Amino acid sequence: MEVERIYREWDVALRWAPFLLDPSIPPEGRQRKPQTSADTPRNHLELMGEQRGIEFRRGRTFTPNSHRALQAAEFAANHGTPEQVLAYHRALFKANFTDFEDISRAEVLVRAAADADLDGDALARALDADEYRARVDEGIAHSYEAGVTGIPTFIFDDRYAVVGAQEYATFAQVLVRLGAQRRDGAAGT
């Protein structure tokens with residue numbers, strides 16, 4: 001995953017900002033017709049995901065509301081190492097895009113936390129208490145105010161936005177422009 005490579009190679013702090021791509025999805029999710037079939041040519045995102053170990057399985061008939069998953073991600077950011085946060089997001093991607101699990105369900109989020117070596121019991125308590133709801137709502141509002149309209153959107157230093165799944169070179173160009181340093185001490189190239 002390009003984000004993992006950026007973190008490994010560059011001296012930057014990563015923060016996953018919450019955003020609802022479709023805020024009209026009710027809390028219980030929404031049934032839908034599959035948008036692709038087995039014989040539909042794979043799109044750019046599917047091909048890039050495949051190269052990075054993310055399978056976008058076809059045939060989805062349900063779209064979950066992701067607000068609870070965003071709350072769980074905030075928990076991970078507060079209680080995990082950067083590596084655990086990355087592992088947690090990868091586990092959520094797999095649950096959602098490959099396994100078609102309902103990422104609004106606490107048991108799915110807690111299992112993903114355990115897969116990332118995070119404290120699943122503490123996450124379950126935080127979700128039960130809606131501990132991160134207000135923070136996620138504020139983050140979503142900030143994302144809309146900043147003009148985010150699609151996912152993924154990467155915002156660097158609150159100055160540069162890169163929209164969509166991009167190649168590593170695109171991110172590296174932005175980091176060089178910002179004067180970021182590589183972890184190995186080499187000049188940002």
# chains A, B, ... in the order shown; residues from 1 in each chain; ligands from 1
call {"tool": "residues_around", "arguments": {"residues": "Pro64 of chain A", "least_positions_apart": "6", "cutoff": "8 Å", "atoms": "only C-alpha atoms", "output": "MDAnalysis selection string"}}
result
chainID A and resid 25 27:30 102:104
call {"tool": "residues_around", "arguments": {"residues": "segment 158-173 of chain A", "least_positions_apart": "2", "cutoff": "9 Å", "atoms": "only C-alpha atoms", "output": "list in words"}}
result
Glu2, Val3, Arg5, Ile6, Trp10, His44, Leu45, Met48, Gly49, Val148, Thr149, Gly150, Ile151, Pro152, Thr153, Phe154, Ile155, Phe156, Leu175, Val176, Arg177, Leu178, Gly188 and Thr189 of chain A
call {"tool": "residues_around", "arguments": {"residues": "Ala73 of chain A", "least_positions_apart": "6", "cutoff": "8 Å", "atoms": "only C-alpha atoms", "output": "list in words"}}
result
Trp16, Val85, Tyr88 and His89 of chain A
call {"tool": "write_last_selection", "arguments": {"atoms": "C-alpha atoms", "output": "PDB file, in the first residue's frame"}}
result
ATOM      1  CA  TRP A  16      -6.668   9.274   8.710  1.00  0.00           C
ATOM      2  CA  VAL A  85      -3.193   1.951  12.692  1.00  0.00           C
ATOM      3  CA  TYR A  88      -6.236  -1.778  11.333  1.00  0.00           C
ATOM      4  CA  HIS A  89      -7.163   0.117   8.175  1.00  0.00           C
TER       5      HIS A  89
END
call {"tool": "select_by_dssp", "arguments": {"residues": "chain A", "states": "strand (DSSP E or B)", "output": "number ranges by chain"}}
result
A: 10, 30-31, 62-63, 153-156, 160-163, 182
call {"tool": "residues_around", "arguments": {"residues": "Arg58 of chain A", "least_positions_apart": "2", "cutoff": "12 Å", "atoms": "only C-alpha atoms", "output": "list in words"}}
result
Lys33, Pro34, Gln35, Thr36, Ser37, Ala38, Asp39, Thr40, Pro41, Arg42, Asn43, Glu46, Glu55, Phe56, Arg60, Thr61, Phe62, Asn96, Phe97, Thr98, Asp99 and Phe100 of chain A
call {"tool": "closest_atom_pairs", "arguments": {"of": "segment 35-101 of chain A", "to": "segment 110-117 of chain A", "cutoff": "7 Å", "atoms": "only C-alpha atoms", "output": "tab-separated table"}}
result
residue	atom	partner	partner_atom	distance
A:Gln84	CA	A:Ala116	CA	5.4
A:Ala87	CA	A:Ala116	CA	5.2
A:Tyr88	CA	A:Ala116	CA	5.1
A:Ala91	CA	A:Ala112	CA	5.4
A:Leu92	CA	A:Ala112	CA	6.4
call {"tool": "atom_distance", "arguments": {"atom1": "atom CA of Gly80 of chain A", "atom2": "atom CA of Arg68 of chain A"}}
result
17.5 Å
call {"tool": "atom_distance", "arguments": {"atom1": "atom CA of Leu20 of chain A", "atom2": "atom CA of Gly59 of chain A"}}
result
21.7 Å
